[in-house]
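Pasting input36.txt here (compact mmCIF, N, CA and C atoms):
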# COMPACT_ATOMS: atom_id res chain seq x y z
N MET F 1 123.13 144.77 75.38
CA MET F 1 122.95 143.91 74.24
C MET F 1 122.14 142.68 74.65
N LYS F 2 121.25 142.28 73.78
CA LYS F 2 120.43 141.10 74.05
C LYS F 2 121.25 139.83 73.93
N SER F 3 120.92 138.87 74.76
CA SER F 3 121.54 137.56 74.58
C SER F 3 120.74 136.82 73.51
N ARG F 4 121.34 135.79 72.95
CA ARG F 4 120.66 135.03 71.91
C ARG F 4 119.33 134.50 72.42
N GLU F 5 119.30 134.11 73.70
CA GLU F 5 118.07 133.57 74.28
C GLU F 5 116.96 134.61 74.32
N ALA F 6 117.32 135.90 74.42
CA ALA F 6 116.32 136.96 74.50
C ALA F 6 115.75 137.31 73.13
N LEU F 7 116.39 136.89 72.06
CA LEU F 7 115.88 137.15 70.72
C LEU F 7 114.81 136.11 70.41
N ASP F 8 113.74 136.56 69.76
CA ASP F 8 112.74 135.57 69.37
C ASP F 8 113.02 135.05 67.97
N GLU F 9 112.23 134.11 67.53
CA GLU F 9 112.47 133.45 66.24
C GLU F 9 112.40 134.44 65.08
N LEU F 10 111.53 135.43 65.15
CA LEU F 10 111.43 136.41 64.07
C LEU F 10 112.72 137.23 63.98
N ASP F 11 113.26 137.64 65.13
CA ASP F 11 114.54 138.35 65.13
C ASP F 11 115.62 137.51 64.44
N LEU F 12 115.69 136.23 64.79
CA LEU F 12 116.69 135.34 64.22
C LEU F 12 116.49 135.16 62.71
N GLN F 13 115.24 135.06 62.27
CA GLN F 13 114.96 134.92 60.84
C GLN F 13 115.38 136.18 60.08
N ILE F 14 115.13 137.33 60.65
CA ILE F 14 115.54 138.59 60.03
C ILE F 14 117.06 138.66 59.92
N ILE F 15 117.75 138.29 60.99
CA ILE F 15 119.21 138.29 60.98
C ILE F 15 119.72 137.33 59.90
N ARG F 16 119.13 136.14 59.81
CA ARG F 16 119.55 135.17 58.78
C ARG F 16 119.39 135.77 57.38
N GLU F 17 118.29 136.43 57.14
CA GLU F 17 118.05 137.04 55.83
C GLU F 17 119.08 138.13 55.54
N LEU F 18 119.38 138.95 56.52
CA LEU F 18 120.38 140.01 56.32
C LEU F 18 121.77 139.43 56.10
N GLN F 19 122.08 138.31 56.75
CA GLN F 19 123.37 137.68 56.55
C GLN F 19 123.49 137.12 55.13
N LYS F 20 122.40 136.64 54.58
CA LYS F 20 122.42 136.14 53.20
C LYS F 20 122.64 137.28 52.21
N ASN F 21 121.96 138.41 52.46
CA ASN F 21 122.06 139.56 51.57
C ASN F 21 121.62 140.80 52.34
N SER F 22 122.58 141.57 52.81
CA SER F 22 122.25 142.73 53.64
C SER F 22 121.67 143.89 52.82
N ARG F 23 121.68 143.77 51.49
CA ARG F 23 121.11 144.83 50.64
C ARG F 23 119.64 144.61 50.32
N GLN F 24 119.11 143.45 50.68
CA GLN F 24 117.70 143.23 50.36
C GLN F 24 116.82 144.15 51.21
N SER F 25 115.75 144.56 50.65
CA SER F 25 114.87 145.52 51.30
C SER F 25 114.07 144.86 52.42
N ALA F 26 113.61 145.69 53.32
CA ALA F 26 112.73 145.20 54.39
C ALA F 26 111.46 144.61 53.78
N ARG F 27 111.01 145.19 52.68
CA ARG F 27 109.82 144.67 51.99
C ARG F 27 110.06 143.23 51.52
N LYS F 28 111.22 142.97 50.94
CA LYS F 28 111.56 141.62 50.46
C LYS F 28 111.65 140.65 51.63
N ILE F 29 112.27 141.07 52.71
CA ILE F 29 112.38 140.21 53.90
C ILE F 29 110.99 139.92 54.45
N ALA F 30 110.16 140.95 54.51
CA ALA F 30 108.79 140.78 55.02
C ALA F 30 108.01 139.78 54.17
N GLU F 31 108.17 139.87 52.86
CA GLU F 31 107.49 138.91 51.97
C GLU F 31 107.96 137.49 52.24
N LYS F 32 109.26 137.30 52.38
CA LYS F 32 109.81 135.96 52.62
C LYS F 32 109.32 135.38 53.95
N LEU F 33 109.21 136.25 54.95
CA LEU F 33 108.86 135.78 56.29
C LEU F 33 107.37 135.84 56.59
N GLY F 34 106.61 136.47 55.71
CA GLY F 34 105.16 136.54 55.90
C GLY F 34 104.74 137.47 57.02
N VAL F 35 105.45 138.59 57.17
CA VAL F 35 105.11 139.59 58.19
C VAL F 35 105.03 140.96 57.54
N ALA F 36 104.55 141.95 58.28
CA ALA F 36 104.42 143.31 57.76
C ALA F 36 105.79 143.98 57.62
N VAL F 37 105.92 144.85 56.62
CA VAL F 37 107.15 145.59 56.40
C VAL F 37 107.51 146.42 57.62
N GLY F 38 106.53 147.06 58.23
CA GLY F 38 106.77 147.86 59.43
C GLY F 38 107.36 147.04 60.56
N THR F 39 106.92 145.79 60.68
CA THR F 39 107.46 144.89 61.71
C THR F 39 108.94 144.63 61.45
N VAL F 40 109.28 144.34 60.19
CA VAL F 40 110.68 144.08 59.86
C VAL F 40 111.52 145.32 60.11
N ASN F 41 111.04 146.48 59.66
CA ASN F 41 111.79 147.73 59.89
C ASN F 41 112.01 147.99 61.36
N SER F 42 110.97 147.84 62.17
CA SER F 42 111.12 148.13 63.61
C SER F 42 112.04 147.12 64.28
N ARG F 43 111.96 145.85 63.86
CA ARG F 43 112.86 144.84 64.43
C ARG F 43 114.31 145.15 64.06
N ILE F 44 114.57 145.51 62.80
CA ILE F 44 115.94 145.83 62.38
C ILE F 44 116.46 147.03 63.17
N GLN F 45 115.65 148.07 63.32
CA GLN F 45 116.07 149.26 64.09
C GLN F 45 116.38 148.88 65.53
N LYS F 46 115.55 148.03 66.12
CA LYS F 46 115.77 147.59 67.50
C LYS F 46 117.08 146.79 67.60
N LEU F 47 117.31 145.89 66.66
CA LEU F 47 118.54 145.08 66.67
C LEU F 47 119.78 145.95 66.49
N GLU F 48 119.68 146.98 65.66
CA GLU F 48 120.80 147.91 65.48
C GLU F 48 121.03 148.71 66.75
N LYS F 49 119.96 149.23 67.34
CA LYS F 49 120.08 150.04 68.56
C LYS F 49 120.69 149.25 69.71
N GLU F 50 120.34 147.98 69.81
CA GLU F 50 120.85 147.13 70.89
C GLU F 50 122.24 146.57 70.59
N GLY F 51 122.77 146.86 69.39
CA GLY F 51 124.12 146.42 69.05
C GLY F 51 124.20 144.98 68.56
N VAL F 52 123.06 144.32 68.36
CA VAL F 52 123.08 142.96 67.83
C VAL F 52 123.56 143.01 66.38
N ILE F 53 123.00 143.93 65.60
CA ILE F 53 123.49 144.20 64.25
C ILE F 53 124.37 145.42 64.36
N GLN F 54 125.64 145.28 63.99
CA GLN F 54 126.59 146.37 64.15
C GLN F 54 127.01 147.01 62.83
N ASN F 55 127.08 146.23 61.79
CA ASN F 55 127.54 146.73 60.49
C ASN F 55 126.87 145.94 59.38
N TYR F 56 126.98 146.48 58.19
CA TYR F 56 126.58 145.77 56.99
C TYR F 56 127.82 145.70 56.12
N HIS F 57 128.04 144.53 55.48
CA HIS F 57 129.29 144.30 54.77
C HIS F 57 129.06 143.93 53.31
N CYS F 58 130.11 144.15 52.57
CA CYS F 58 130.16 143.76 51.16
C CYS F 58 131.25 142.70 51.04
N HIS F 59 130.91 141.52 50.56
CA HIS F 59 131.92 140.46 50.38
C HIS F 59 132.55 140.64 49.01
N VAL F 60 133.87 140.80 48.98
CA VAL F 60 134.61 141.06 47.75
C VAL F 60 135.46 139.84 47.40
N ASP F 61 135.48 139.48 46.12
CA ASP F 61 136.36 138.43 45.63
C ASP F 61 137.69 139.10 45.29
N TYR F 62 138.63 139.08 46.23
CA TYR F 62 139.90 139.78 46.05
C TYR F 62 140.75 139.15 44.95
N GLY F 63 140.55 137.89 44.67
CA GLY F 63 141.27 137.24 43.58
C GLY F 63 140.98 137.94 42.26
N LYS F 64 139.75 138.41 42.08
CA LYS F 64 139.38 139.12 40.85
C LYS F 64 140.00 140.51 40.79
N LEU F 65 140.51 140.98 41.93
CA LEU F 65 141.20 142.27 41.97
C LEU F 65 142.72 142.08 41.94
N GLY F 66 143.15 140.84 41.75
CA GLY F 66 144.59 140.57 41.63
C GLY F 66 145.28 140.18 42.93
N TYR F 67 144.52 140.02 44.01
CA TYR F 67 145.11 139.60 45.28
C TYR F 67 145.01 138.08 45.36
N ASN F 68 146.09 137.39 44.99
CA ASN F 68 146.06 135.95 44.83
C ASN F 68 146.77 135.17 45.92
N VAL F 69 147.38 135.86 46.88
CA VAL F 69 148.11 135.17 47.96
C VAL F 69 147.46 135.51 49.30
N THR F 70 146.95 134.48 49.94
CA THR F 70 146.40 134.63 51.29
C THR F 70 147.26 133.80 52.22
N ALA F 71 147.58 134.36 53.37
CA ALA F 71 148.42 133.64 54.34
C ALA F 71 147.91 133.88 55.75
N ILE F 72 148.19 132.93 56.60
CA ILE F 72 147.94 133.03 58.03
C ILE F 72 149.31 133.04 58.70
N ILE F 73 149.53 133.99 59.58
CA ILE F 73 150.84 134.13 60.21
C ILE F 73 150.69 134.06 61.72
N GLY F 74 151.42 133.13 62.32
CA GLY F 74 151.50 133.06 63.78
C GLY F 74 152.69 133.90 64.22
N MET F 75 152.48 134.74 65.23
CA MET F 75 153.56 135.63 65.69
C MET F 75 153.81 135.48 67.18
N LYS F 76 155.08 135.46 67.52
CA LYS F 76 155.50 135.57 68.91
C LYS F 76 156.02 136.99 69.08
N VAL F 77 155.52 137.70 70.08
CA VAL F 77 155.76 139.14 70.21
C VAL F 77 156.36 139.46 71.57
N ARG F 78 157.27 140.43 71.57
CA ARG F 78 157.82 140.92 72.84
C ARG F 78 156.76 141.82 73.51
N ARG F 79 156.47 141.52 74.74
CA ARG F 79 155.37 142.19 75.47
C ARG F 79 155.47 143.72 75.46
N GLU F 80 156.67 144.24 75.56
CA GLU F 80 156.82 145.70 75.65
C GLU F 80 156.45 146.40 74.35
N HIS F 81 156.31 145.66 73.26
CA HIS F 81 155.96 146.24 71.96
C HIS F 81 154.56 145.83 71.49
N TRP F 82 153.81 145.19 72.35
CA TRP F 82 152.49 144.64 72.04
C TRP F 82 151.57 145.67 71.41
N ASN F 83 151.37 146.79 72.12
CA ASN F 83 150.42 147.82 71.64
C ASN F 83 150.86 148.43 70.32
N ARG F 84 152.14 148.70 70.19
CA ARG F 84 152.66 149.28 68.95
C ARG F 84 152.41 148.35 67.77
N LEU F 85 152.65 147.06 67.98
CA LEU F 85 152.45 146.09 66.90
C LEU F 85 150.96 145.96 66.55
N GLU F 86 150.10 145.94 67.57
CA GLU F 86 148.65 145.90 67.32
C GLU F 86 148.23 147.06 66.43
N GLU F 87 148.69 148.26 66.76
CA GLU F 87 148.34 149.45 65.97
C GLU F 87 148.87 149.34 64.54
N MET F 88 150.09 148.88 64.39
CA MET F 88 150.68 148.74 63.06
C MET F 88 149.88 147.75 62.21
N LEU F 89 149.52 146.62 62.80
CA LEU F 89 148.76 145.60 62.06
C LEU F 89 147.36 146.11 61.72
N GLU F 90 146.76 146.81 62.66
CA GLU F 90 145.41 147.34 62.46
C GLU F 90 145.37 148.33 61.30
N GLU F 91 146.43 149.09 61.12
CA GLU F 91 146.48 150.11 60.07
C GLU F 91 146.85 149.57 58.69
N ASN F 92 147.39 148.36 58.63
CA ASN F 92 147.86 147.80 57.36
C ASN F 92 146.68 147.27 56.55
N LYS F 93 146.49 147.77 55.33
CA LYS F 93 145.34 147.39 54.51
C LYS F 93 145.37 145.93 54.07
N ASN F 94 146.53 145.30 54.07
CA ASN F 94 146.64 143.91 53.66
C ASN F 94 146.32 142.92 54.78
N VAL F 95 146.22 143.42 56.01
CA VAL F 95 145.90 142.58 57.16
C VAL F 95 144.39 142.65 57.37
N TYR F 96 143.71 141.50 57.24
CA TYR F 96 142.26 141.55 57.41
C TYR F 96 141.75 140.90 58.68
N ALA F 97 142.63 140.28 59.46
CA ALA F 97 142.23 139.77 60.77
C ALA F 97 143.45 139.76 61.68
N VAL F 98 143.26 140.20 62.92
CA VAL F 98 144.29 140.16 63.94
C VAL F 98 143.64 139.54 65.18
N LEU F 99 144.16 138.40 65.58
CA LEU F 99 143.59 137.68 66.71
C LEU F 99 144.65 137.48 67.78
N GLU F 100 144.39 137.94 68.99
CA GLU F 100 145.26 137.66 70.12
C GLU F 100 144.84 136.30 70.66
N VAL F 101 145.80 135.38 70.78
CA VAL F 101 145.45 134.00 71.09
C VAL F 101 146.28 133.44 72.25
N THR F 102 145.84 132.30 72.74
CA THR F 102 146.63 131.55 73.72
C THR F 102 147.42 130.49 72.97
N GLY F 103 148.36 129.89 73.66
CA GLY F 103 149.10 128.80 73.04
C GLY F 103 150.48 129.25 72.58
N GLU F 104 150.94 128.64 71.52
CA GLU F 104 152.30 128.86 71.03
C GLU F 104 152.55 130.29 70.56
N PHE F 105 151.54 130.91 69.98
CA PHE F 105 151.69 132.26 69.42
C PHE F 105 150.95 133.28 70.26
N ASP F 106 151.34 134.53 70.11
CA ASP F 106 150.65 135.63 70.77
C ASP F 106 149.54 136.18 69.87
N PHE F 107 149.83 136.23 68.57
CA PHE F 107 148.88 136.70 67.57
C PHE F 107 148.81 135.73 66.41
N ILE F 108 147.65 135.61 65.85
CA ILE F 108 147.44 134.97 64.56
C ILE F 108 146.87 136.06 63.67
N ILE F 109 147.48 136.30 62.53
CA ILE F 109 146.95 137.31 61.62
C ILE F 109 146.68 136.67 60.26
N ALA F 110 145.70 137.22 59.58
CA ALA F 110 145.38 136.79 58.22
C ALA F 110 145.68 137.96 57.29
N VAL F 111 146.39 137.67 56.22
CA VAL F 111 146.82 138.71 55.28
C VAL F 111 146.50 138.29 53.85
N ILE F 112 146.43 139.29 52.98
CA ILE F 112 146.19 139.02 51.56
C ILE F 112 147.07 139.96 50.74
N PHE F 113 147.74 139.39 49.73
CA PHE F 113 148.66 140.16 48.90
C PHE F 113 148.49 139.76 47.44
N ARG F 114 149.04 140.58 46.56
CA ARG F 114 149.00 140.29 45.12
C ARG F 114 149.91 139.11 44.76
N ASP F 115 151.06 139.03 45.44
CA ASP F 115 152.01 137.96 45.10
C ASP F 115 152.89 137.65 46.31
N ILE F 116 153.69 136.61 46.16
CA ILE F 116 154.58 136.17 47.24
C ILE F 116 155.59 137.24 47.60
N GLY F 117 156.04 138.01 46.62
CA GLY F 117 157.00 139.08 46.89
C GLY F 117 156.45 140.10 47.87
N GLU F 118 155.18 140.48 47.69
CA GLU F 118 154.55 141.43 48.63
C GLU F 118 154.45 140.82 50.02
N LEU F 119 154.09 139.54 50.09
CA LEU F 119 154.03 138.85 51.39
C LEU F 119 155.40 138.85 52.05
N ASN F 120 156.42 138.52 51.29
CA ASN F 120 157.78 138.49 51.81
C ASN F 120 158.20 139.87 52.31
N ASN F 121 157.89 140.92 51.54
CA ASN F 121 158.22 142.29 51.97
C ASN F 121 157.51 142.64 53.27
N PHE F 122 156.25 142.22 53.41
CA PHE F 122 155.50 142.48 54.64
C PHE F 122 156.18 141.81 55.84
N ILE F 123 156.52 140.55 55.69
CA ILE F 123 157.15 139.82 56.80
C ILE F 123 158.48 140.47 57.17
N ARG F 124 159.25 140.86 56.16
CA ARG F 124 160.55 141.52 56.42
C ARG F 124 160.39 142.90 57.05
N SER F 125 159.22 143.53 56.83
CA SER F 125 159.00 144.87 57.39
C SER F 125 158.56 144.85 58.85
N LEU F 126 158.24 143.68 59.37
CA LEU F 126 157.82 143.60 60.78
C LEU F 126 159.00 143.99 61.66
N PRO F 127 158.76 144.86 62.63
CA PRO F 127 159.87 145.35 63.45
C PRO F 127 160.50 144.23 64.29
N PRO F 128 161.78 143.96 64.08
CA PRO F 128 162.43 142.86 64.80
C PRO F 128 162.49 143.07 66.31
N GLU F 129 162.44 144.33 66.74
CA GLU F 129 162.43 144.57 68.19
C GLU F 129 161.08 144.18 68.80
N ALA F 130 160.04 144.07 67.97
CA ALA F 130 158.70 143.71 68.46
C ALA F 130 158.36 142.25 68.21
N VAL F 131 158.73 141.75 67.04
CA VAL F 131 158.35 140.39 66.64
C VAL F 131 159.53 139.46 66.82
N LYS F 132 159.37 138.49 67.72
CA LYS F 132 160.43 137.53 67.98
C LYS F 132 160.49 136.45 66.91
N GLU F 133 159.32 136.04 66.43
CA GLU F 133 159.27 134.89 65.53
C GLU F 133 157.95 134.90 64.76
N THR F 134 157.99 134.43 63.52
CA THR F 134 156.76 134.26 62.73
C THR F 134 156.75 132.86 62.12
N HIS F 135 155.56 132.35 61.95
CA HIS F 135 155.34 131.10 61.22
C HIS F 135 154.25 131.39 60.21
N THR F 136 154.57 131.25 58.93
CA THR F 136 153.66 131.63 57.86
C THR F 136 153.08 130.39 57.18
N PHE F 137 151.77 130.41 57.00
CA PHE F 137 151.05 129.33 56.35
C PHE F 137 150.33 129.90 55.14
N LEU F 138 150.66 129.40 53.95
CA LEU F 138 149.96 129.85 52.74
C LEU F 138 148.63 129.13 52.64
N VAL F 139 147.59 129.86 52.30
CA VAL F 139 146.27 129.28 52.12
C VAL F 139 146.20 128.72 50.70
N LEU F 140 145.94 127.44 50.59
CA LEU F 140 145.85 126.79 49.29
C LEU F 140 144.43 126.86 48.72
N LYS F 141 143.44 126.79 49.62
CA LYS F 141 142.04 126.77 49.18
C LYS F 141 141.18 127.26 50.33
N ARG F 142 140.19 128.08 50.00
CA ARG F 142 139.22 128.52 51.01
C ARG F 142 138.06 127.54 51.00
N VAL F 143 137.95 126.77 52.04
CA VAL F 143 136.90 125.77 52.13
C VAL F 143 135.61 126.42 52.64
N LYS F 144 135.73 127.27 53.65
CA LYS F 144 134.59 127.98 54.20
C LYS F 144 135.06 129.36 54.61
N GLU F 145 134.24 130.33 54.32
CA GLU F 145 134.56 131.69 54.76
C GLU F 145 133.25 132.35 55.16
N GLY F 146 133.28 133.06 56.26
CA GLY F 146 132.06 133.65 56.79
C GLY F 146 131.64 132.88 58.01
N HIS F 147 130.86 133.53 58.85
CA HIS F 147 130.50 132.95 60.13
C HIS F 147 129.07 133.29 60.44
N TYR F 148 128.22 132.29 60.47
CA TYR F 148 126.81 132.52 60.75
C TYR F 148 126.34 131.55 61.83
N LEU F 149 126.12 132.10 63.02
CA LEU F 149 125.68 131.26 64.14
C LEU F 149 124.18 131.07 64.15
N VAL F 150 123.46 132.03 63.63
CA VAL F 150 121.99 131.95 63.70
C VAL F 150 121.42 131.52 62.37
Would you encode the structure as structure tokens?
Amino acid sequence: MKSREALDELDLQIIRELQKNSRQSARKIAEKLGVAVGTVNSRIQKLEKEGVIQNYHCHVDYGKLGYNVTAIIGMKVRREHWNRLEEMLEENKNVYAVLEVTGEFDFIIAVIFRDIGELNNFIRSLPPEAVKETHTFLVLKRVKEGHYLV
């Protein structure tokens, strides 16, 4: 994989455009950047092949689908159940981020549910032999979402 330093300015501009809208055509990107369509296509293929671009995503407003409760949960986990819990969290459709962290917690997870009852049921369903403790934080407002370094 290329390091950021190995990417040139055109690569970075193409990535920025794809981050704004990954469905826009190479022709549209080429027009915006003032380069040939073939150049944009070859650069995108190269970035995909090198693993710089790994996926294309669709941002969904889950609130419009009835998912109105977002929470962040800090978990303290018993080491012998670590892998089992990781797999369980990974498979749960309501869990959209699982982060192994340092500090007070072992994991920080982000979840989304239709209502508080579903969140409560999720927390109660966590295996007590694996999860020693949880601290749940309800998200009141999303100030920033998404991550764009380039």
From the DSSP assignment of the backbone, select every residue of stretch 1-149 of chain F that is helix (DSSP H, G or I), and format the answer as a CSV table (one decimal) with N, CA and C atoms, in the coordinates of the input.
chain,number,residue,atom,x,y,z
F,4,ARG,N,121.3,135.8,73.0
F,4,ARG,CA,120.7,135.0,71.9
F,4,ARG,C,119.3,134.5,72.4
F,5,GLU,N,119.3,134.1,73.7
F,5,GLU,CA,118.1,133.6,74.3
F,5,GLU,C,117.0,134.6,74.3
F,6,ALA,N,117.3,135.9,74.4
F,6,ALA,CA,116.3,137.0,74.5
F,6,ALA,C,115.8,137.3,73.1
F,9,GLU,N,112.2,134.1,67.5
F,9,GLU,CA,112.5,133.4,66.2
F,9,GLU,C,112.4,134.4,65.1
F,10,LEU,N,111.5,135.4,65.2
F,10,LEU,CA,111.4,136.4,64.1
F,10,LEU,C,112.7,137.2,64.0
F,11,ASP,N,113.3,137.6,65.1
F,11,ASP,CA,114.5,138.4,65.1
F,11,ASP,C,115.6,137.5,64.4
F,12,LEU,N,115.7,136.2,64.8
F,12,LEU,CA,116.7,135.3,64.2
F,12,LEU,C,116.5,135.2,62.7
F,13,GLN,N,115.2,135.1,62.3
F,13,GLN,CA,115.0,134.9,60.8
F,13,GLN,C,115.4,136.2,60.1
F,14,ILE,N,115.1,137.3,60.6
F,14,ILE,CA,115.5,138.6,60.0
F,14,ILE,C,117.1,138.7,59.9
F,15,ILE,N,117.8,138.3,61.0
F,15,ILE,CA,119.2,138.3,61.0
F,15,ILE,C,119.7,137.3,59.9
F,16,ARG,N,119.1,136.1,59.8
F,16,ARG,CA,119.6,135.2,58.8
F,16,ARG,C,119.4,135.8,57.4
F,17,GLU,N,118.3,136.4,57.1
F,17,GLU,CA,118.0,137.0,55.8
F,17,GLU,C,119.1,138.1,55.5
F,18,LEU,N,119.4,139.0,56.5
F,18,LEU,CA,120.4,140.0,56.3
F,18,LEU,C,121.8,139.4,56.1
F,19,GLN,N,122.1,138.3,56.8
F,19,GLN,CA,123.4,137.7,56.6
F,19,GLN,C,123.5,137.1,55.1
F,20,LYS,N,122.4,136.6,54.6
F,20,LYS,CA,122.4,136.1,53.2
F,20,LYS,C,122.6,137.3,52.2
F,26,ALA,N,113.6,145.7,53.3
F,26,ALA,CA,112.7,145.2,54.4
F,26,ALA,C,111.5,144.6,53.8
F,27,ARG,N,111.0,145.2,52.7
F,27,ARG,CA,109.8,144.7,52.0
F,27,ARG,C,110.1,143.2,51.5
F,28,LYS,N,111.2,143.0,50.9
F,28,LYS,CA,111.6,141.6,50.5
F,28,LYS,C,111.6,140.6,51.6
F,29,ILE,N,112.3,141.1,52.7
F,29,ILE,CA,112.4,140.2,53.9
F,29,ILE,C,111.0,139.9,54.4
F,30,ALA,N,110.2,141.0,54.5
F,30,ALA,CA,108.8,140.8,55.0
F,30,ALA,C,108.0,139.8,54.2
F,31,GLU,N,108.2,139.9,52.9
F,31,GLU,CA,107.5,138.9,52.0
F,31,GLU,C,108.0,137.5,52.2
F,32,LYS,N,109.3,137.3,52.4
F,32,LYS,CA,109.8,136.0,52.6
F,32,LYS,C,109.3,135.4,54.0
F,33,LEU,N,109.2,136.2,55.0
F,33,LEU,CA,108.9,135.8,56.3
F,33,LEU,C,107.4,135.8,56.6
F,37,VAL,N,105.9,144.8,56.6
F,37,VAL,CA,107.2,145.6,56.4
F,37,VAL,C,107.5,146.4,57.6
F,38,GLY,N,106.5,147.1,58.2
F,38,GLY,CA,106.8,147.9,59.4
F,38,GLY,C,107.4,147.0,60.6
F,39,THR,N,106.9,145.8,60.7
F,39,THR,CA,107.5,144.9,61.7
F,39,THR,C,108.9,144.6,61.4
F,40,VAL,N,109.3,144.3,60.2
F,40,VAL,CA,110.7,144.1,59.9
F,40,VAL,C,111.5,145.3,60.1
F,41,ASN,N,111.0,146.5,59.7
F,41,ASN,CA,111.8,147.7,59.9
F,41,ASN,C,112.0,148.0,61.4
F,42,SER,N,111.0,147.8,62.2
F,42,SER,CA,111.1,148.1,63.6
F,42,SER,C,112.0,147.1,64.3
F,43,ARG,N,112.0,145.8,63.9
F,43,ARG,CA,112.9,144.8,64.4
F,43,ARG,C,114.3,145.2,64.1
F,44,ILE,N,114.6,145.5,62.8
F,44,ILE,CA,115.9,145.8,62.4
F,44,ILE,C,116.5,147.0,63.2
F,45,GLN,N,115.6,148.1,63.3
F,45,GLN,CA,116.1,149.3,64.1
F,45,GLN,C,116.4,148.9,65.5
F,46,LYS,N,115.6,148.0,66.1
F,46,LYS,CA,115.8,147.6,67.5
F,46,LYS,C,117.1,146.8,67.6
F,47,LEU,N,117.3,145.9,66.7
F,47,LEU,CA,118.5,145.1,66.7
F,47,LEU,C,119.8,146.0,66.5
F,48,GLU,N,119.7,147.0,65.7
F,48,GLU,CA,120.8,147.9,65.5
F,48,GLU,C,121.0,148.7,66.8
F,49,LYS,N,120.0,149.2,67.3
F,49,LYS,CA,120.1,150.0,68.6
F,49,LYS,C,120.7,149.2,69.7
F,62,TYR,N,138.6,139.1,46.2
F,62,TYR,CA,139.9,139.8,46.0
F,62,TYR,C,140.8,139.2,45.0
F,63,GLY,N,140.6,137.9,44.7
F,63,GLY,CA,141.3,137.2,43.6
F,63,GLY,C,141.0,137.9,42.3
F,64,LYS,N,139.8,138.4,42.1
F,64,LYS,CA,139.4,139.1,40.8
F,64,LYS,C,140.0,140.5,40.8
F,65,LEU,N,140.5,141.0,41.9
F,65,LEU,CA,141.2,142.3,42.0
F,65,LEU,C,142.7,142.1,41.9
F,79,ARG,N,156.5,141.5,74.7
F,79,ARG,CA,155.4,142.2,75.5
F,79,ARG,C,155.5,143.7,75.5
F,80,GLU,N,156.7,144.2,75.6
F,80,GLU,CA,156.8,145.7,75.6
F,80,GLU,C,156.4,146.4,74.4
F,81,HIS,N,156.3,145.7,73.3
F,81,HIS,CA,156.0,146.2,72.0
F,81,HIS,C,154.6,145.8,71.5
F,82,TRP,N,153.8,145.2,72.4
F,82,TRP,CA,152.5,144.6,72.0
F,82,TRP,C,151.6,145.7,71.4
F,83,ASN,N,151.4,146.8,72.1
F,83,ASN,CA,150.4,147.8,71.6
F,83,ASN,C,150.9,148.4,70.3
F,84,ARG,N,152.1,148.7,70.2
F,84,ARG,CA,152.7,149.3,69.0
F,84,ARG,C,152.4,148.4,67.8
F,85,LEU,N,152.6,147.1,68.0
F,85,LEU,CA,152.4,146.1,66.9
F,85,LEU,C,151.0,146.0,66.6
F,86,GLU,N,150.1,145.9,67.6
F,86,GLU,CA,148.6,145.9,67.3
F,86,GLU,C,148.2,147.1,66.4
F,87,GLU,N,148.7,148.3,66.8
F,87,GLU,CA,148.3,149.4,66.0
F,87,GLU,C,148.9,149.3,64.5
F,88,MET,N,150.1,148.9,64.4
F,88,MET,CA,150.7,148.7,63.1
F,88,MET,C,149.9,147.8,62.2
F,89,LEU,N,149.5,146.6,62.8
F,89,LEU,CA,148.8,145.6,62.1
F,89,LEU,C,147.4,146.1,61.7
F,90,GLU,N,146.8,146.8,62.7
F,90,GLU,CA,145.4,147.3,62.5
F,90,GLU,C,145.4,148.3,61.3
F,91,GLU,N,146.4,149.1,61.1
F,91,GLU,CA,146.5,150.1,60.1
F,91,GLU,C,146.8,149.6,58.7
F,116,ILE,N,153.7,136.6,46.2
F,116,ILE,CA,154.6,136.2,47.2
F,116,ILE,C,155.6,137.2,47.6
F,117,GLY,N,156.0,138.0,46.6
F,117,GLY,CA,157.0,139.1,46.9
F,117,GLY,C,156.4,140.1,47.9
F,118,GLU,N,155.2,140.5,47.7
F,118,GLU,CA,154.6,141.4,48.6
F,118,GLU,C,154.4,140.8,50.0
F,119,LEU,N,154.1,139.5,50.1
F,119,LEU,CA,154.0,138.8,51.4
F,119,LEU,C,155.4,138.8,52.0
F,120,ASN,N,156.4,138.5,51.3
F,120,ASN,CA,157.8,138.5,51.8
F,120,ASN,C,158.2,139.9,52.3
F,121,ASN,N,157.9,140.9,51.5
F,121,ASN,CA,158.2,142.3,52.0
F,121,ASN,C,157.5,142.6,53.3
F,122,PHE,N,156.2,142.2,53.4
F,122,PHE,CA,155.5,142.5,54.6
F,122,PHE,C,156.2,141.8,55.8
F,123,ILE,N,156.5,140.6,55.7
F,123,ILE,CA,157.2,139.8,56.8
F,123,ILE,C,158.5,140.5,57.2
F,124,ARG,N,159.2,140.9,56.2
F,124,ARG,CA,160.6,141.5,56.4
F,124,ARG,C,160.4,142.9,57.0
F,125,SER,N,159.2,143.5,56.8
F,125,SER,CA,159.0,144.9,57.4
F,125,SER,C,158.6,144.8,58.8
| note | Of F:Asn121, F:Ser22, F:Asn83, F:Thr39, the one nearest to F:His57 when counting all atoms listed in the file is F:Ser22
The centre and edge lengths of an axis-aligned box containing all atoms of stretch 67-83 of chain F present in the file, extended by 3 Å on each side, are to be given in Å to one decimal, as AutoDock Vina command-line options.
--center_x 151.2 --center_y 140.7 --center_z 59.8 --size_x 19.3 --size_y 21.5 --size_z 37.6
| field | Exercise: F:Thr136 partners within 6 Å, all atoms listed in the file, chain neighbours under 6 positions left out, as a PyMOL selection string | value | chain F and resi 72-74
| Selection near F:Val139, 6.5 Å with all atoms listed in the file, sequence-local residues under 4 positions removed, as a ChimeraX atom specification | /F:69-72
| remark: For F:Pro127, the closest of F:Arg84, F:Arg16, F:Lys46, F:Arg23 counting only C-alpha atoms is F:Arg84
| Within 8 Å of F:Val40 using only N, CA and C atoms, minus same-chain residues under 2 positions, as a list of chain:residue names | F:Ile14, F:Ala26, F:Arg27, F:Ile29, F:Ala30, F:Val35, F:Ala36, F:Val37, F:Gly38, F:Ser42, F:Arg43, F:Ile44, F:Gln45, F:Lys46
| message | I need the strand (DSSP E) residues of stretch 35-105 of chain F per DSSP on the backbone, written as a list of chain:residue names. | response |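 Selecting the strand (DSSP E) positions of stretch 35-105 of chain F gives F:Val69, F:Thr70, F:Ala71, F:Ile72, F:Ile73, F:Gly74, F:Met75, F:Lys76, F:Val77, F:Val95, F:Tyr96, F:Ala97, F:Val98, F:Leu99, F:Glu100.
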